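Student: Data: coords.cif, mmCIF, C-alpha atoms.
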```cif
data_coords
loop_
_atom_site.label_atom_id
_atom_site.label_comp_id
_atom_site.auth_asym_id
_atom_site.auth_seq_id
_atom_site.Cartn_x
_atom_site.Cartn_y
_atom_site.Cartn_z
CA MET K 1 100.11 78.96 101.32
CA THR K 2 97.03 79.92 99.26
CA VAL K 3 94.89 80.20 102.40
CA HIS K 4 97.64 82.33 103.97
CA VAL K 5 97.67 84.73 100.99
CA VAL K 6 93.86 84.96 100.86
CA GLY K 7 93.62 85.61 104.60
CA ASP K 8 96.31 88.31 104.55
CA THR K 9 94.75 89.97 101.52
CA ALA K 10 91.29 89.93 103.12
CA ALA K 11 92.62 91.49 106.32
CA LEU K 12 94.49 94.26 104.50
CA THR K 13 91.55 94.88 102.17
CA GLY K 14 89.35 95.35 105.23
CA ARG K 15 91.86 97.89 106.51
CA SER K 16 91.74 99.86 103.23
CA LEU K 17 87.96 99.75 103.07
CA ARG K 18 87.70 101.04 106.63
CA HIS K 19 89.83 104.00 105.60
CA ILE K 20 87.39 104.75 102.79
CA LEU K 21 84.37 104.40 105.09
CA ARG K 22 85.95 106.99 107.38
CA SER K 23 86.21 109.38 104.43
CA PRO K 24 83.23 108.63 102.12
CA ASP K 25 83.97 111.90 100.31
CA THR K 26 86.47 109.86 98.28
CA ILE K 27 83.68 107.95 96.52
CA VAL K 28 81.52 111.07 96.27
CA THR K 29 84.39 113.02 94.71
CA THR K 30 85.07 110.19 92.28
CA ALA K 31 81.47 110.28 91.06
CA VAL K 32 81.06 114.07 90.96
CA MET K 33 83.10 114.73 87.81
CA PRO K 34 81.49 111.96 85.70
CA ILE K 35 78.04 113.09 86.85
CA ALA K 36 78.93 116.68 85.95
CA PHE K 37 79.99 115.52 82.46
CA LEU K 38 76.79 113.50 82.15
CA LEU K 39 74.56 116.45 83.03
CA LEU K 40 76.56 118.90 80.93
CA PHE K 41 76.50 116.83 77.75
CA VAL K 42 72.90 115.68 78.10
CA PHE K 43 71.34 119.04 78.93
CA VAL K 44 73.72 121.47 77.19
CA PHE K 45 75.22 119.69 74.18
CA GLY K 46 72.88 116.73 73.73
CA GLY K 47 70.34 118.56 71.58
CA ALA K 48 72.98 119.48 69.01
CA ILE K 49 74.50 115.98 68.68
CA GLN K 50 72.93 113.51 66.26
CA THR K 51 73.07 109.87 67.35
CA GLY K 52 70.76 108.27 64.81
CA GLY K 53 67.56 108.61 66.82
CA GLU K 54 68.96 107.06 70.00
CA SER K 55 68.42 108.97 73.24
CA TYR K 56 71.62 110.88 73.94
CA VAL K 57 71.77 109.81 77.58
CA ASP K 58 71.58 106.18 76.42
CA TYR K 59 74.33 106.87 73.88
CA LEU K 60 76.51 108.71 76.38
CA LEU K 61 76.37 106.52 79.48
CA PRO K 62 78.98 103.87 78.51
CA GLY K 63 81.64 106.52 78.01
CA ILE K 64 80.72 108.21 81.30
CA LEU K 65 81.12 104.88 83.09
CA LEU K 66 84.66 104.54 81.73
CA ILE K 67 85.47 108.08 82.87
CA THR K 68 84.15 107.14 86.32
CA VAL K 69 86.61 104.25 86.53
CA ALA K 70 89.51 106.36 85.21
CA SER K 71 88.72 109.01 87.80
CA GLY K 72 88.43 106.47 90.60
CA VAL K 73 91.73 104.67 90.06
CA ALA K 74 93.61 107.94 90.68
CA TYR K 75 92.76 107.43 94.35
CA THR K 76 94.32 103.96 94.26
CA ALA K 77 97.65 105.44 93.17
CA TYR K 78 97.24 108.18 95.79
CA ARG K 79 96.46 105.79 98.67
CA LEU K 80 99.27 103.42 97.68
CA PHE K 81 101.76 106.30 97.51
CA LEU K 82 100.73 107.48 100.99
CA ASP K 83 101.15 103.96 102.39
CA LEU K 84 104.62 103.74 100.87
CA GLN K 85 105.59 107.14 102.25
CA GLY K 86 104.27 106.17 105.67
CA GLY K 87 106.46 103.07 105.77
CA ILE K 88 103.56 100.61 105.96
CA PHE K 89 105.04 98.28 103.36
CA GLU K 90 108.43 98.25 105.10
CA ARG K 91 106.64 97.11 108.25
CA PHE K 92 104.82 94.44 106.27
CA GLN K 93 108.21 93.16 105.08
CA SER K 94 109.19 92.40 108.67
CA MET K 95 105.93 90.57 109.42
CA PRO K 96 104.75 87.08 108.41
CA ILE K 97 102.50 88.52 105.70
CA ALA K 98 102.33 87.39 102.06
CA ARG K 99 104.32 89.90 99.99
CA SER K 100 101.60 90.30 97.35
CA SER K 101 98.75 90.89 99.81
CA GLY K 102 99.48 94.61 100.25
CA LEU K 103 99.13 95.34 96.54
CA TRP K 104 96.10 93.09 96.12
CA ALA K 105 94.40 94.85 99.04
CA HIS K 106 94.67 98.17 97.20
CA VAL K 107 93.45 96.56 93.97
CA LEU K 108 90.39 94.97 95.58
CA THR K 109 89.61 98.19 97.42
CA SER K 110 89.69 99.98 94.06
CA VAL K 111 87.24 97.46 92.59
CA VAL K 112 84.79 97.91 95.47
CA ALA K 113 85.04 101.72 95.53
CA ASN K 114 84.67 102.00 91.76
CA ALA K 115 81.68 99.63 91.80
CA VAL K 116 79.92 101.93 94.27
CA SER K 117 80.74 104.99 92.15
CA LEU K 118 79.45 103.25 89.01
CA VAL K 119 76.16 102.42 90.74
CA VAL K 120 75.79 106.07 91.77
CA VAL K 121 76.41 107.27 88.20
CA VAL K 122 73.92 104.76 86.72
CA ALA K 123 71.33 105.85 89.31
CA VAL K 124 71.73 109.49 88.24
CA ALA K 125 71.46 108.44 84.57
CA LEU K 126 68.20 106.63 85.34
CA VAL K 127 66.83 109.75 87.02
CA ILE K 128 67.53 111.90 83.94
CA GLY K 129 66.05 109.44 81.47
CA PHE K 130 68.38 106.51 80.79
CA ARG K 131 66.46 103.38 79.84
CA SER K 132 67.72 99.98 78.75
CA PRO K 133 65.87 96.99 77.33
CA ALA K 134 68.85 94.75 78.11
CA GLY K 135 68.28 91.52 79.98
CA ALA K 136 70.19 90.18 82.96
CA GLY K 137 72.77 88.48 80.75
CA ALA K 138 73.61 91.69 78.92
CA TRP K 139 73.92 93.60 82.19
CA LEU K 140 76.24 90.89 83.53
CA ALA K 141 78.34 91.19 80.36
CA VAL K 142 78.57 94.96 80.84
CA GLY K 143 79.55 94.38 84.46
CA GLY K 144 82.23 91.93 83.36
CA ILE K 145 83.69 94.42 80.88
CA LEU K 146 83.73 97.15 83.54
CA LEU K 147 85.39 94.76 86.02
CA LEU K 148 88.14 93.90 83.54
CA PHE K 149 88.57 97.58 82.67
CA THR K 150 88.74 98.52 86.36
CA LEU K 151 91.34 95.84 87.08
CA ALA K 152 93.44 96.90 84.10
CA LEU K 153 93.46 100.58 85.06
CA THR K 154 93.95 99.76 88.74
CA TRP K 155 97.15 97.85 88.03
CA LEU K 156 98.31 100.84 85.98
CA ALA K 157 97.55 102.94 89.06
CA VAL K 158 99.65 100.56 91.15
CA ILE K 159 102.62 101.23 88.85
CA ALA K 160 102.06 104.97 89.26
CA GLY K 161 101.80 104.66 93.03
CA LEU K 162 105.00 102.59 93.25
CA THR K 163 107.10 104.81 90.98
CA ALA K 164 105.82 108.35 91.66
CA LYS K 165 108.10 110.84 93.41
CA THR K 166 105.32 113.12 94.69
CA VAL K 167 101.71 112.70 95.76
CA ASP K 168 100.56 114.86 92.84
CA GLY K 169 102.49 112.68 90.41
CA ALA K 170 100.87 109.56 91.82
CA SER K 171 97.34 110.69 90.93
CA ALA K 172 98.12 112.78 87.83
CA PHE K 173 98.67 109.67 85.70
CA SER K 174 94.90 109.30 85.38
CA TYR K 175 94.42 112.58 83.50
CA PRO K 176 95.24 111.10 80.06
CA LEU K 177 92.93 108.17 80.85
CA ILE K 178 90.08 110.55 81.64
CA PHE K 179 90.74 112.49 78.44
CA LEU K 180 90.91 109.39 76.19
CA PRO K 181 87.11 108.86 75.95
CA PHE K 182 86.80 112.33 74.40
CA LEU K 183 88.80 111.00 71.42
CA SER K 184 86.51 108.01 70.91
CA SER K 185 82.91 107.20 70.08
CA ALA K 186 81.89 107.94 73.68
CA PHE K 187 80.44 111.40 73.05
CA VAL K 188 79.91 111.65 69.29
CA PRO K 189 79.97 109.18 66.38
CA THR K 190 83.48 108.82 64.97
CA GLU K 191 82.10 109.44 61.46
CA THR K 192 81.81 113.15 62.31
CA MET K 193 85.54 113.50 63.09
CA PRO K 194 88.24 114.69 60.65
CA GLY K 195 90.51 112.08 59.04
CA PRO K 196 93.49 111.58 61.42
CA VAL K 197 91.36 112.08 64.54
CA ARG K 198 88.76 109.64 63.24
CA TRP K 199 91.45 107.01 62.53
CA PHE K 200 92.82 107.31 66.07
CA ALA K 201 89.32 107.29 67.60
CA GLU K 202 88.28 104.15 65.74
CA TYR K 203 91.36 102.11 66.64
CA GLN K 204 92.02 103.11 70.24
CA PRO K 205 90.69 100.77 72.97
CA VAL K 206 87.98 103.01 74.45
CA THR K 207 85.91 103.02 71.24
CA SER K 208 85.52 99.24 71.06
CA ILE K 209 84.77 99.05 74.79
CA VAL K 210 82.16 101.82 74.55
CA ASN K 211 80.59 100.32 71.41
CA ALA K 212 80.34 96.88 73.00
CA MET K 213 78.68 98.19 76.17
CA ARG K 214 76.38 100.49 74.18
CA ALA K 215 75.16 97.58 72.06
CA LEU K 216 74.63 95.34 75.09
CA LEU K 217 72.67 98.03 76.95
CA ALA K 218 70.55 98.61 73.85
CA GLY K 219 69.67 94.92 73.74
CA GLU K 220 71.65 94.38 70.54
CA ALA K 221 74.41 91.95 69.58
CA PRO K 222 77.79 93.66 70.11
CA GLY K 223 79.46 91.63 67.35
CA ALA K 224 83.23 91.90 66.98
CA ASP K 225 83.38 94.92 69.28
CA LEU K 226 82.88 92.65 72.29
CA TRP K 227 85.89 90.48 71.49
CA VAL K 228 88.05 93.47 70.62
CA ALA K 229 87.03 95.14 73.89
CA LEU K 230 87.83 92.01 75.91
CA ALA K 231 91.18 91.63 74.12
CA TRP K 232 92.11 95.24 74.89
CA CYS K 233 91.09 94.94 78.56
CA ALA K 234 92.86 91.61 79.02
CA GLY K 235 95.99 92.80 77.21
CA ILE K 236 96.25 96.01 79.26
CA LEU K 237 95.60 94.01 82.44
CA VAL K 238 98.41 91.52 81.75
CA VAL K 239 100.94 94.21 80.80
CA ALA K 240 99.98 96.41 83.78
CA TYR K 241 100.14 93.49 86.23
CA LEU K 242 103.57 92.44 85.02
CA GLY K 243 104.76 96.06 85.13
CA ALA K 244 103.45 96.46 88.69
CA ALA K 245 105.14 93.23 89.80
CA MET K 246 108.46 94.40 88.34
CA ALA K 247 108.14 97.84 89.96
CA TYR K 248 107.33 96.23 93.33
CA ARG K 249 110.29 93.84 93.18
CA ARG K 250 112.62 96.69 92.16
CA ARG K 251 111.47 98.80 95.09
CA PHE K 252 111.69 96.08 97.76
CA ARG K 253 114.46 93.80 96.51
#
```
Please express the file's structure as structure tokens.
Tutor:
Amino acid sequence: MTVHVVGDTAALTGRSLRHILRSPDTIVTTAVMPIAFLLLFVFVFGGAIQTGGESYVDYLLPGILLITVASGVAYTAYRLFLDLQGGIFERFQSMPIARSSGLWAHVLTSVVANAVSLVVVVAVALVIGFRSPAGAGAWLAVGGILLLFTLALTWLAVIAGLTAKTVDGASAFSYPLIFLPFLSSAFVPTETMPGPVRWFAEYQPVTSIVNAMRALLAGEAPGADLWVALAWCAGILVVAYLGAAMAYRRRFR
């Protein structure tokens, strides 16, 4: 049974990836907005923002990477919605295919597409001055955090794709996710924010995730931020996965 599920998922993931390869503008579009934010804040606002002596591009990059993921998962909801509207999943129901393989194919495609977009964004950051003394272990830890974050948001996207009534509604769910880093430590230190905004910024999940990645990329110990970030990512992932499974069963029961 396990081999059957893995084989079906691999075949359907290959199908989704081929669709992306036929329209590489999807990945380019996903990376354009984060890169635009990166350039805007570094070259327009960066000189006016105090980050304690740290290069602003080094300070900014973790938040931009999260925005990249949030922007990318909108396409997962969009592609899933189009598949549902096209009747693909109904056809799968009549074939000897593992029921979960269709959803997992979209999830794995999201991971691959977002990984490519993240590499593009990091490459641009390196061109404009980003430097990191972090070793291989720290980079792997950052990659692990981004993988968990991508999986968590992707399963949220699956819920949106399964429950949306229109194609615009399927992708619009990501807008609050893209906005959330602006109310965190991603762009400015939370100490500069007024009381209620500062309280929200310090206790919402993006701040701990950004702080953990920023410390790792700076070659420093992330401390408690790492465990808080992992807890947030894992918690969102579990809740989103269960929500997606319930939405899928409700739709195809």
Student: Select, from K:Ala152, K:Ala221, K:Ala70, K:Leu65, the residue with the minimum atom-to-atom distance to Phe179 (chain K), counting all atoms listed in the file.
Tutor: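 Distance minimum relative to Phe179 (chain K) lands on K:Ala70.
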Student: Can you give me, as a compact mmCIF listing (two decimals) with C-alpha atoms, in the coordinates of the input, the residues this file yields under the PyMOL selection byres ((chain K and resi 231-238) around 9)?
Tutor:
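Final file, selection36.txt:
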```txt
# COMPACT_ATOMS: atom_id res chain seq x y z
CA ILE K 145 83.69 94.42 80.88
CA LEU K 148 88.14 93.90 83.54
CA PHE K 149 88.57 97.58 82.67
CA THR K 150 88.74 98.52 86.36
CA LEU K 151 91.34 95.84 87.08
CA ALA K 152 93.44 96.90 84.10
CA LEU K 153 93.46 100.58 85.06
CA THR K 154 93.95 99.76 88.74
CA TRP K 155 97.15 97.85 88.03
CA LEU K 156 98.31 100.84 85.98
CA PRO K 205 90.69 100.77 72.97
CA VAL K 206 87.98 103.01 74.45
CA SER K 208 85.52 99.24 71.06
CA ILE K 209 84.77 99.05 74.79
CA LEU K 226 82.88 92.65 72.29
CA TRP K 227 85.89 90.48 71.49
CA VAL K 228 88.05 93.47 70.62
CA ALA K 229 87.03 95.14 73.89
CA LEU K 230 87.83 92.01 75.91
CA VAL K 239 100.94 94.21 80.80
CA ALA K 240 99.98 96.41 83.78
CA TYR K 241 100.14 93.49 86.23
CA LEU K 242 103.57 92.44 85.02
CA GLY K 243 104.76 96.06 85.13
```
Student: Using the chain letters and numbers from the file, give me the residues hit by the PyMOL selection byres ((chain K and resi 125) around 10), as a list in words.
Tutor: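 The output of the PyMOL selection byres ((chain K and resi 125) around 10) on this file is Ile35, Leu38, Leu39, Val42, Val57, Asp58, Leu60, Leu61, Ile64, Val119, Val120, Val121, Val122, Ala123, Val124, Leu126, Val127, Ile128, Gly129, Phe130 and Arg131 of chain K.
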Student: Give me, as a PyMOL selection string, all polymer residues having an atom no more than 10 Å from Ser71 (chain K), counting all atoms listed in the file and skipping those fewer than 2 positions away in the same chain.
Tutor: chain K and resi 29-34+65-69+73-76+114+117+171+174-175+177-178
Student: Take CA of Ala224 (chain K) and CA of Pro176 (chain K) and report the distance between them in Å, one decimal.
Tutor: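 That distance, rounded to one decimal, is 26.2 Å.
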Student: What is the distance, in Å and to one decimal place, between CA of Gln204 (chain K) and CA of Gly143 (chain K)?
Tutor: 20.8 Å
Student: Rounded to one decimal, what separation in Å do you get between CA of Val210 (chain K) and CA of Val107 (chain K)?
Tutor: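 Going from CA of Val210 (chain K) over to CA of Val107 (chain K) covers 23.1 Å.
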Student: Have a look at K:Ser132, K:Thr9, K:Gln85, K:Ser110 and name the one nearest to Leu216 (chain K); count only C-alpha atoms.
Tutor: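 Of all the options, K:Ser132 lies closest to Leu216 (chain K).
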Student: Taking the file as shown, what set of residues would the PyMOL selection byres ((chain K and resi 51) around 12) give back, as a list in words?
Tutor: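 Expected selection for the PyMOL selection byres ((chain K and resi 51) around 12) here is Gly46, Gly47, Ala48, Ile49, Gln50, Gly52, Gly53, Glu54, Ser55, Tyr56, Val57, Asp58, Tyr59, Leu60, Ser185, Ala186, Phe187, Val188, Pro189, Thr190, Glu191 and Thr192 of chain K.
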Student: For a quick check of understanding, using only C-alpha atoms, which of K:Asn211, K:Ser184, K:Thr109, K:Ser101 has the smallest distance to Arg18 (chain K)?
Tutor: K:Thr109
Student: Restricting the calculation to all atoms listed in the file: of K:Glu220, K:Phe37, K:Tyr248, K:Val6, which residue gets closest to Trp139 (chain K)?
Tutor: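 Once distances to Trp139 (chain K) are computed over all atoms listed in the file, the minimum belongs to K:Glu220.
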Student: Could you check the closest approach to Val197 (chain K) for each of K:Leu118, K:Leu180, K:Leu140, K:Ala215 and tell me which residue wins, using only C-alpha atoms?
Tutor: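 For Val197 (chain K), the nearest of the given residues is K:Leu180.
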Student: Put the listed atoms of region 128-132 of chain K in a box along x, y and z with 6 Å added on every side and give me the centre and edge lengths in Å to one decimal, as AutoDock Vina command-line options.
Tutor:
```
--center_x 67.2 --center_y 105.9 --center_z 81.3 --size_x 14.3 --size_y 23.9 --size_z 17.2
```
